[in-house]
>>> print(open('model-v1.txt').read())   # compact mmCIF, C-alpha atoms
# COMPACT_ATOMS: atom_id res chain seq x y z
CA LYS A 28 153.83 154.07 71.19
CA ARG A 29 153.66 150.39 71.97
CA PHE A 30 154.49 149.40 75.55
CA ARG A 31 155.31 145.83 76.52
CA MET A 32 155.73 145.20 80.25
CA TRP A 33 156.99 142.36 82.41
CA GLY A 34 156.70 141.96 86.19
CA PRO A 35 159.78 141.78 88.46
CA ASP A 36 159.61 137.97 88.41
CA ALA A 37 160.79 138.00 84.76
CA HIS A 38 164.24 139.29 85.71
CA MET A 39 166.10 136.00 85.13
CA ALA A 40 164.45 135.34 81.76
CA LEU A 41 165.21 138.90 80.61
CA ARG A 42 168.86 138.61 81.77
CA VAL A 43 169.43 142.16 82.91
CA PHE A 44 172.89 143.67 82.66
CA PRO A 45 175.02 143.63 85.85
CA ASP A 46 174.90 146.72 88.05
CA SER A 47 178.54 147.48 87.20
CA HIS A 48 177.70 147.66 83.46
CA PRO A 49 176.92 151.03 81.77
CA ARG A 50 173.52 149.59 80.77
CA ALA A 51 172.79 148.33 84.28
CA ARG A 52 169.34 146.86 84.94
CA LYS A 53 168.40 146.79 81.24
CA SER A 54 167.77 143.53 79.40
CA GLN A 55 170.66 142.04 77.46
CA ILE A 56 168.39 140.27 74.97
CA LEU A 57 166.77 141.61 71.80
CA ILE A 58 163.08 141.33 72.60
CA ASP A 59 161.84 140.59 69.08
CA SER A 60 164.61 138.22 68.00
CA PHE A 61 165.42 136.16 71.11
CA PRO A 62 163.28 132.99 70.98
CA ALA A 63 163.16 132.52 74.75
CA THR A 64 161.75 136.00 75.46
CA PRO A 65 158.81 135.56 77.84
CA ASP A 66 155.45 136.92 76.74
CA PRO A 67 154.75 140.35 78.24
CA GLU A 68 152.08 140.61 80.92
CA ILE A 69 150.89 143.89 79.41
CA ASP A 70 151.01 144.82 75.73
CA VAL A 71 149.31 148.13 75.00
CA THR A 72 149.52 150.93 72.43
CA LEU A 73 149.21 154.48 73.78
CA GLU A 74 147.32 156.96 71.65
CA PRO A 75 147.78 160.77 71.75
CA GLY A 76 146.72 162.22 75.11
CA GLN A 77 146.86 158.92 76.99
CA ALA A 78 149.08 158.11 79.98
CA LEU A 79 150.47 154.88 81.42
CA PHE A 80 151.58 154.13 84.99
CA ILE A 81 154.56 151.75 85.23
CA PRO A 82 155.17 150.41 88.76
CA ALA A 83 158.68 150.47 90.19
CA PHE A 84 160.86 147.49 89.21
CA TRP A 85 158.66 146.53 86.26
CA PHE A 86 160.52 145.96 83.01
CA HIS A 87 159.22 147.71 79.92
CA HIS A 88 160.03 147.89 76.22
CA VAL A 89 158.86 150.91 74.24
CA GLU A 90 158.45 151.04 70.48
CA ALA A 91 157.53 154.21 68.60
CA LEU A 92 155.02 153.28 65.91
CA SER A 93 154.97 156.81 64.52
CA ALA A 94 156.62 160.17 65.16
CA SER A 95 155.78 161.16 68.75
CA VAL A 96 156.87 163.13 71.80
CA SER A 97 156.32 161.86 75.34
CA VAL A 98 157.06 163.02 78.87
CA ASN A 99 158.20 160.77 81.72
CA VAL A 100 157.61 161.59 85.38
CA PHE A 101 159.32 159.60 88.14
CA SER A 102 157.61 159.63 91.52
CA GLU A 103 158.72 158.53 94.97
CA ASN A 104 156.82 155.69 96.61
CA ALA A 105 157.09 153.47 99.66
CA MET A 106 158.32 150.48 97.66
CA LYS A 107 161.17 152.42 96.06
CA LEU A 108 162.22 153.96 99.39
CA ALA A 109 162.17 150.55 101.12
CA ALA A 110 164.41 149.14 98.38
CA GLN A 111 166.80 152.07 98.67
CA ASN A 112 167.14 151.47 102.42
CA ILE A 113 168.29 147.94 101.60
CA LEU A 114 170.62 148.85 98.74
CA VAL A 115 172.60 151.45 100.72
CA ARG A 116 173.74 148.88 103.30
CA PRO A 117 177.53 148.32 103.21
CA PRO A 118 178.98 144.83 102.66
CA PRO A 119 179.77 142.76 105.77
CA ARG A 120 183.25 143.34 107.16
CA SER A 121 184.00 139.64 106.85
CA LEU A 122 183.50 139.85 103.07
CA VAL A 123 185.77 142.89 102.78
CA PHE A 124 188.40 141.04 104.83
CA ALA A 125 188.11 137.93 102.64
CA ALA A 126 188.47 140.09 99.51
CA SER A 127 191.66 141.60 100.91
CA ASN A 128 193.18 138.10 100.97
CA SER A 129 192.21 136.88 97.50
CA ARG A 130 189.41 136.82 94.95
CA ALA A 131 188.97 133.10 95.61
CA ALA A 132 188.47 133.72 99.34
CA ALA A 133 185.94 136.44 98.52
CA ALA A 134 184.08 134.11 96.12
CA HIS A 135 183.84 131.33 98.72
CA HIS A 136 182.65 133.72 101.41
CA MET A 137 180.19 135.37 99.03
CA HIS A 138 178.62 131.99 98.32
CA ALA A 139 178.20 131.32 102.05
CA ILE A 140 176.59 134.76 102.48
CA THR A 141 174.26 134.05 99.56
CA GLU A 142 173.07 130.77 101.07
CA ALA A 143 172.49 132.48 104.42
CA MET A 144 170.46 135.22 102.73
CA CYS A 145 168.35 132.63 100.91
CA SER A 146 167.56 131.04 104.26
CA HIS A 147 166.71 134.20 106.18
CA ILE A 148 164.88 136.05 103.41
CA ASN A 149 163.03 132.87 102.36
CA ILE A 150 163.78 133.09 98.66
CA GLU A 151 162.35 130.17 96.72
CA PRO A 152 164.73 129.85 93.72
CA SER A 153 168.49 129.97 94.13
CA LEU A 154 169.72 133.52 94.53
CA VAL A 155 172.96 132.41 92.90
CA ALA A 156 170.99 131.70 89.72
CA ALA A 157 169.38 135.14 89.93
CA VAL A 158 172.79 136.82 89.97
CA ALA A 159 174.32 134.44 87.41
CA ALA A 160 171.48 135.16 84.96
CA ARG A 161 172.88 138.68 84.62
CA TYR A 162 176.05 137.27 83.06
CA THR A 163 174.63 134.45 80.93
CA ALA A 164 173.93 136.43 77.77
CA SER A 165 177.10 138.51 77.96
CA HIS A 166 179.20 135.33 78.25
CA SER A 167 177.23 133.30 75.70
CA HIS A 168 180.01 133.79 73.13
CA SER A 169 182.52 132.01 75.35
CA SER A 170 183.24 128.31 74.97
CA ARG A 171 183.75 128.08 78.72
CA PRO A 172 180.44 127.88 80.62
CA CYS A 173 179.95 129.86 83.77
CA ASP A 174 179.88 127.44 86.71
CA VAL A 175 177.89 129.12 89.47
CA ASP A 176 178.63 126.23 91.86
CA SER A 177 182.40 126.56 91.62
CA ALA A 178 182.48 129.00 94.55
CA ARG A 179 180.81 126.67 97.06
CA SER A 180 182.12 127.07 100.58
CA ASP A 181 182.14 124.76 103.57
CA HIS A 182 182.68 127.67 105.92
CA ASP A 183 179.82 129.29 107.81
CA VAL A 184 179.44 133.04 107.90
CA THR A 185 180.64 134.85 111.00
CA ALA A 186 178.25 135.68 113.83
CA GLN A 187 178.49 139.38 113.01
CA THR A 188 177.74 138.76 109.34
CA LEU A 189 174.76 136.62 110.32
CA GLU A 190 173.45 139.53 112.39
CA ASN A 191 173.92 141.80 109.36
CA ILE A 192 171.85 139.40 107.27
CA LYS A 193 169.11 139.21 109.92
CA GLU A 194 168.93 143.02 109.94
CA LEU A 195 168.75 142.91 106.15
CA ALA A 196 165.85 140.46 106.42
CA VAL A 197 163.90 143.07 108.38
CA GLY A 198 164.43 145.48 105.50
CA PHE A 199 163.00 142.91 103.09
CA GLU A 200 159.95 142.48 105.32
CA GLN A 201 159.40 146.23 105.08
CA LEU A 202 159.83 145.99 101.30
CA SER A 203 157.19 143.25 101.05
CA ALA A 204 154.84 145.33 103.19
CA ALA A 205 155.41 148.34 100.94
CA VAL A 206 154.40 146.32 97.89
CA GLY A 207 150.94 145.92 99.42
CA GLU A 208 148.15 143.52 98.69
CA CYS A 209 147.72 144.76 95.13
CA ALA A 210 150.67 142.67 93.94
CA ASN A 211 150.36 138.91 93.64
CA HIS A 212 152.80 136.52 95.28
CA ARG A 213 154.76 135.98 92.06
CA HIS A 214 155.41 139.71 91.58
CA ARG A 215 156.25 140.21 95.26
CA GLN A 216 158.69 137.30 95.21
CA GLY A 217 160.27 138.56 92.00
CA LEU A 218 160.79 141.99 93.52
CA VAL A 219 162.52 140.47 96.55
CA GLU A 220 164.79 138.45 94.24
CA VAL A 221 165.65 141.52 92.14
CA VAL A 222 166.60 143.64 95.15
CA ALA A 223 168.50 140.77 96.80
CA ALA A 224 170.48 140.20 93.59
CA HIS A 225 171.29 143.93 93.48
CA VAL A 226 172.52 143.80 97.08
CA LEU A 227 174.79 140.80 96.50
CA GLU A 228 176.28 142.25 93.35
CA ALA A 229 176.81 145.64 94.98
CA TRP A 230 178.60 143.96 97.90
CA ALA A 231 180.82 142.02 95.50
CA VAL A 232 181.67 145.13 93.47
CA ARG A 233 182.47 147.17 96.59
CA SER A 234 184.65 144.35 97.94
CA VAL A 235 186.73 143.30 94.92
CA GLY A 236 186.02 146.04 92.35
CA ALA A 237 183.92 146.11 89.19
CA ALA A 238 186.75 144.84 86.99
CA ASN A 239 186.96 141.62 89.02
>>> encode(input="model-v1.txt", output="structure tokens")
Amino acid sequence: KRFRMWGPDAHMALRVFPDSHPRARKSQILIDSFPATPDPEIDVTLEPGQALFIPAFWFHHVEALSASVSVNVFSENAMKLAAQNILVRPPPRSLVFAASNSRAAAAHHMHAITEAMCSHINIEPSLVAAVAARYTASHSHSSRPCDVDSARSDHDVTAQTLENIKELAVGFEQLSAAVGECANHRHRQGLVEVVAAHVLEAWAVRSVGAAN
């Protein structure tokens, strides 16, 4: 079997499906036919009797070169547990309240929350772009482009929501610590972006529903 692997920092280029999609967290693109597919960091062919360790949050594409049978084993680790502690956090009450008024109010408030998260978690690229990349390929057939800046808000987040985000930032510090020194800065930053994008999308889905 041929394994091609990409680090967490490739998540925008691979355009993973939204969490609310049945194929959540899998790439929307066809690896061998999409011209902008990034080169894999690891490209290896496993022979009979060999094993391969794939770290959590690494993307991988598997191709059977001949008839074969393989066994997968998923193991718990500190990085996965730290991410789970972040992902189970409920959305801020202010976002739920905004969503109860209208989708537009929720979109404006979500953008303000996103900007606050970028500031407190110290994410280098725009987190809005990280989330929007999940929808780019699925909307590529539409003549109407997706404008990620259309939800800009002039309103600041509430004090309670800001406290929620600061508590979330502590969780991301624990996540970075769980990654350890073995990962380079690019992989560590990509992991933070992936988990942060998951959090934002989960909050949006819980607030306005997957259909919206």
>>> atom_distance(input="model-v1.txt", atom1="atom CA of A:Ser127", atom2="atom CA of A:His225")
21.8 Å
>>> residues_around(input="model-v1.txt", residues="A:Glu194", least_positions_apart="3", cutoff="12 Å", atoms="all atoms listed in the file", output="list in words")
Asn112, Ile113, Arg116, Pro119, Met144, His147, Ile148, Gln187, Thr188, Leu189, Glu190, Asn191, Val197, Gly198, Phe199, Glu200 and Gln201 of chain A
>>> write_last_selection(input="model-v1.txt", atoms="C-alpha atoms", output="short mmCIF file (atom, residue, chain, number, x, y, z; two decimals), in the coordinates of the input")
data_model
loop_
_atom_site.label_atom_id
_atom_site.label_comp_id
_atom_site.auth_asym_id
_atom_site.auth_seq_id
_atom_site.Cartn_x
_atom_site.Cartn_y
_atom_site.Cartn_z
CA ASN A 112 167.14 151.47 102.42
CA ILE A 113 168.29 147.94 101.60
CA ARG A 116 173.74 148.88 103.30
CA PRO A 119 179.77 142.76 105.77
CA MET A 144 170.46 135.22 102.73
CA HIS A 147 166.71 134.20 106.18
CA ILE A 148 164.88 136.05 103.41
CA GLN A 187 178.49 139.38 113.01
CA THR A 188 177.74 138.76 109.34
CA LEU A 189 174.76 136.62 110.32
CA GLU A 190 173.45 139.53 112.39
CA ASN A 191 173.92 141.80 109.36
CA VAL A 197 163.90 143.07 108.38
CA GLY A 198 164.43 145.48 105.50
CA PHE A 199 163.00 142.91 103.09
CA GLU A 200 159.95 142.48 105.32
CA GLN A 201 159.40 146.23 105.08
#
>>> residues_around(input="model-v1.txt", residues="A:Pro35", least_positions_apart="2", cutoff="7 Å", atoms="all atoms listed in the file", output="compact mmCIF listing (two decimals) with C-alpha atoms, in the frame of the given file")
# COMPACT_ATOMS: atom_id res chain seq x y z
CA TRP A 33 156.99 142.36 82.41
CA ALA A 37 160.79 138.00 84.76
CA HIS A 38 164.24 139.29 85.71
CA PHE A 84 160.86 147.49 89.21
CA TRP A 85 158.66 146.53 86.26
CA PHE A 86 160.52 145.96 83.01
CA HIS A 214 155.41 139.71 91.58
CA GLY A 217 160.27 138.56 92.00
CA LEU A 218 160.79 141.99 93.52
CA VAL A 221 165.65 141.52 92.14
>>> closest_residue(input="model-v1.txt", among="A:Pro118, A:Pro82, A:Pro45, A:Pro75", to="A:Ser234", atoms="only C-alpha atoms")
A:Pro118
>>> atom_distance(input="model-v1.txt", atom1="atom CA of A:Val226", atom2="atom CA of A:Lys53")
16.6 Å
>>> atom_distance(input="model-v1.txt", atom1="atom CA of A:Ala231", atom2="atom CA of A:Ala40")
22.4 Å
>>> closest_residue(input="model-v1.txt", among="A:Ala139, A:Ala126, A:Val206, A:Val71", to="A:Glu90", atoms="only C-alpha atoms")
A:Val71
>>> closest_residue(input="model-v1.txt", among="A:Ile56, A:Ile81, A:Val96, A:Val43", to="A:Phe30", atoms="only C-alpha atoms")
A:Ile81
>>> residues_around(input="model-v1.txt", residues="A:Arg31", least_positions_apart="6", cutoff="7 Å", atoms="only C-alpha atoms", output="JSON, numbers by chain")
{"A": [67, 69, 70, 71, 87, 88, 89]}
>>> residues_around(input="model-v1.txt", residues="A:Ile150", least_positions_apart="3", cutoff="10 Å", atoms="all atoms listed in the file", output="count of residues only")
12
>>> build_atoms(input="model-v1.txt", residues="stretch 99-124 of chain A", atoms="N, CA, C and O atoms", output="PDB file, in the coordinates of the input")
ATOM      1  N   ASN A  99     158.140 161.727  80.614  1.00  0.00           N
ATOM      2  CA  ASN A  99     158.200 160.770  81.720  1.00  0.00           C
ATOM      3  C   ASN A  99     158.276 161.516  83.046  1.00  0.00           C
ATOM      4  O   ASN A  99     158.993 162.518  83.160  1.00  0.00           O
ATOM      5  N   VAL A 100     157.575 161.018  84.031  1.00  0.00           N
ATOM      6  CA  VAL A 100     157.610 161.590  85.380  1.00  0.00           C
ATOM      7  C   VAL A 100     157.890 160.463  86.368  1.00  0.00           C
ATOM      8  O   VAL A 100     157.152 159.481  86.406  1.00  0.00           O
ATOM      9  N   PHE A 101     158.968 160.601  87.138  1.00  0.00           N
ATOM     10  CA  PHE A 101     159.320 159.600  88.140  1.00  0.00           C
ATOM     11  C   PHE A 101     158.848 160.088  89.508  1.00  0.00           C
ATOM     12  O   PHE A 101     159.115 161.231  89.900  1.00  0.00           O
ATOM     13  N   SER A 102     158.158 159.239  90.223  1.00  0.00           N
ATOM     14  CA  SER A 102     157.610 159.630  91.520  1.00  0.00           C
ATOM     15  C   SER A 102     158.139 158.731  92.626  1.00  0.00           C
ATOM     16  O   SER A 102     158.431 157.552  92.413  1.00  0.00           O
ATOM     17  N   GLU A 103     158.291 159.298  93.811  1.00  0.00           N
ATOM     18  CA  GLU A 103     158.720 158.530  94.970  1.00  0.00           C
ATOM     19  C   GLU A 103     157.551 157.691  95.485  1.00  0.00           C
ATOM     20  O   GLU A 103     156.387 158.104  95.397  1.00  0.00           O
ATOM     21  N   ASN A 104     157.853 156.530  96.008  1.00  0.00           N
ATOM     22  CA  ASN A 104     156.820 155.690  96.610  1.00  0.00           C
ATOM     23  C   ASN A 104     157.439 154.826  97.679  1.00  0.00           C
ATOM     24  O   ASN A 104     158.672 154.688  97.763  1.00  0.00           O
ATOM     25  N   ALA A 105     156.601 154.237  98.511  1.00  0.00           N
ATOM     26  CA  ALA A 105     157.090 153.470  99.660  1.00  0.00           C
ATOM     27  C   ALA A 105     157.935 152.279  99.231  1.00  0.00           C
ATOM     28  O   ALA A 105     158.926 151.931  99.891  1.00  0.00           O
ATOM     29  N   MET A 106     157.575 151.642  98.133  1.00  0.00           N
ATOM     30  CA  MET A 106     158.320 150.480  97.660  1.00  0.00           C
ATOM     31  C   MET A 106     159.743 150.864  97.241  1.00  0.00           C
ATOM     32  O   MET A 106     160.715 150.191  97.597  1.00  0.00           O
ATOM     33  N   LYS A 107     159.859 151.956  96.510  1.00  0.00           N
ATOM     34  CA  LYS A 107     161.170 152.420  96.060  1.00  0.00           C
ATOM     35  C   LYS A 107     162.041 152.829  97.254  1.00  0.00           C
ATOM     36  O   LYS A 107     163.233 152.498  97.310  1.00  0.00           O
ATOM     37  N   LEU A 108     161.460 153.523  98.222  1.00  0.00           N
ATOM     38  CA  LEU A 108     162.220 153.960  99.390  1.00  0.00           C
ATOM     39  C   LEU A 108     162.673 152.774 100.232  1.00  0.00           C
ATOM     40  O   LEU A 108     163.790 152.756 100.758  1.00  0.00           O
ATOM     41  N   ALA A 109     161.802 151.752 100.365  1.00  0.00           N
ATOM     42  CA  ALA A 109     162.170 150.550 101.120  1.00  0.00           C
ATOM     43  C   ALA A 109     163.323 149.833 100.446  1.00  0.00           C
ATOM     44  O   ALA A 109     164.240 149.330 101.119  1.00  0.00           O
ATOM     45  N   ALA A 110     163.316 149.778  99.111  1.00  0.00           N
ATOM     46  CA  ALA A 110     164.410 149.140  98.380  1.00  0.00           C
ATOM     47  C   ALA A 110     165.708 149.925  98.541  1.00  0.00           C
ATOM     48  O   ALA A 110     166.783 149.341  98.710  1.00  0.00           O
ATOM     49  N   GLN A 111     165.613 151.243  98.512  1.00  0.00           N
ATOM     50  CA  GLN A 111     166.800 152.070  98.670  1.00  0.00           C
ATOM     51  C   GLN A 111     167.442 151.872 100.040  1.00  0.00           C
ATOM     52  O   GLN A 111     168.674 151.851 100.160  1.00  0.00           O
ATOM     53  N   ASN A 112     166.618 151.700 101.069  1.00  0.00           N
ATOM     54  CA  ASN A 112     167.140 151.470 102.420  1.00  0.00           C
ATOM     55  C   ASN A 112     167.918 150.168 102.500  1.00  0.00           C
ATOM     56  O   ASN A 112     168.825 150.024 103.330  1.00  0.00           O
ATOM     57  N   ILE A 113     167.565 149.206 101.651  1.00  0.00           N
ATOM     58  CA  ILE A 113     168.290 147.940 101.600  1.00  0.00           C
ATOM     59  C   ILE A 113     169.581 148.093 100.801  1.00  0.00           C
ATOM     60  O   ILE A 113     170.653 147.633 101.210  1.00  0.00           O
ATOM     61  N   LEU A 114     169.491 148.769  99.668  1.00  0.00           N
ATOM     62  CA  LEU A 114     170.620 148.850  98.740  1.00  0.00           C
ATOM     63  C   LEU A 114     171.782 149.695  99.266  1.00  0.00           C
ATOM     64  O   LEU A 114     172.914 149.529  98.806  1.00  0.00           O
ATOM     65  N   VAL A 115     171.520 150.595 100.214  1.00  0.00           N
ATOM     66  CA  VAL A 115     172.600 151.450 100.720  1.00  0.00           C
ATOM     67  C   VAL A 115     173.420 150.754 101.807  1.00  0.00           C
ATOM     68  O   VAL A 115     174.452 151.284 102.233  1.00  0.00           O
ATOM     69  N   ARG A 116     173.007 149.574 102.241  1.00  0.00           N
ATOM     70  CA  ARG A 116     173.740 148.880 103.300  1.00  0.00           C
ATOM     71  C   ARG A 116     175.120 148.455 102.816  1.00  0.00           C
ATOM     72  O   ARG A 116     175.256 147.899 101.717  1.00  0.00           O
ATOM     73  N   PRO A 117     176.169 148.694 103.618  1.00  0.00           N
ATOM     74  CA  PRO A 117     177.530 148.320 103.210  1.00  0.00           C
ATOM     75  C   PRO A 117     177.729 146.810 103.300  1.00  0.00           C
ATOM     76  O   PRO A 117     176.992 146.114 104.005  1.00  0.00           O
ATOM     77  N   PRO A 118     178.721 146.267 102.587  1.00  0.00           N
ATOM     78  CA  PRO A 118     178.980 144.830 102.660  1.00  0.00           C
ATOM     79  C   PRO A 118     179.496 144.436 104.053  1.00  0.00           C
ATOM     80  O   PRO A 118     180.099 145.266 104.740  1.00  0.00           O
ATOM     81  N   PRO A 119     179.257 143.207 104.469  1.00  0.00           N
ATOM     82  CA  PRO A 119     179.770 142.760 105.770  1.00  0.00           C
ATOM     83  C   PRO A 119     181.295 142.885 105.826  1.00  0.00           C
ATOM     84  O   PRO A 119     181.986 142.688 104.826  1.00  0.00           O
ATOM     85  N   ARG A 120     181.801 143.195 107.010  1.00  0.00           N
ATOM     86  CA  ARG A 120     183.250 143.340 107.160  1.00  0.00           C
ATOM     87  C   ARG A 120     183.986 142.055 106.827  1.00  0.00           C
ATOM     88  O   ARG A 120     185.113 142.079 106.329  1.00  0.00           O
ATOM     89  N   SER A 121     183.356 140.919 107.125  1.00  0.00           N
ATOM     90  CA  SER A 121     184.000 139.640 106.850  1.00  0.00           C
ATOM     91  C   SER A 121     184.234 139.445 105.355  1.00  0.00           C
ATOM     92  O   SER A 121     185.235 138.850 104.942  1.00  0.00           O
ATOM     93  N   LEU A 122     183.326 139.960 104.510  1.00  0.00           N
ATOM     94  CA  LEU A 122     183.500 139.850 103.070  1.00  0.00           C
ATOM     95  C   LEU A 122     184.628 140.750 102.596  1.00  0.00           C
ATOM     96  O   LEU A 122     185.448 140.352 101.754  1.00  0.00           O
ATOM     97  N   VAL A 123     184.695 141.965 103.141  1.00  0.00           N
ATOM     98  CA  VAL A 123     185.770 142.890 102.780  1.00  0.00           C
ATOM     99  C   VAL A 123     187.116 142.299 103.181  1.00  0.00           C
ATOM    100  O   VAL A 123     188.104 142.369 102.434  1.00  0.00           O
ATOM    101  N   PHE A 124     187.151 141.662 104.360  1.00  0.00           N
ATOM    102  CA  PHE A 124     188.400 141.040 104.830  1.00  0.00           C
ATOM    103  C   PHE A 124     188.798 139.889 103.923  1.00  0.00           C
ATOM    104  O   PHE A 124     189.962 139.733 103.556  1.00  0.00           O
TER     105      PHE A 124
END
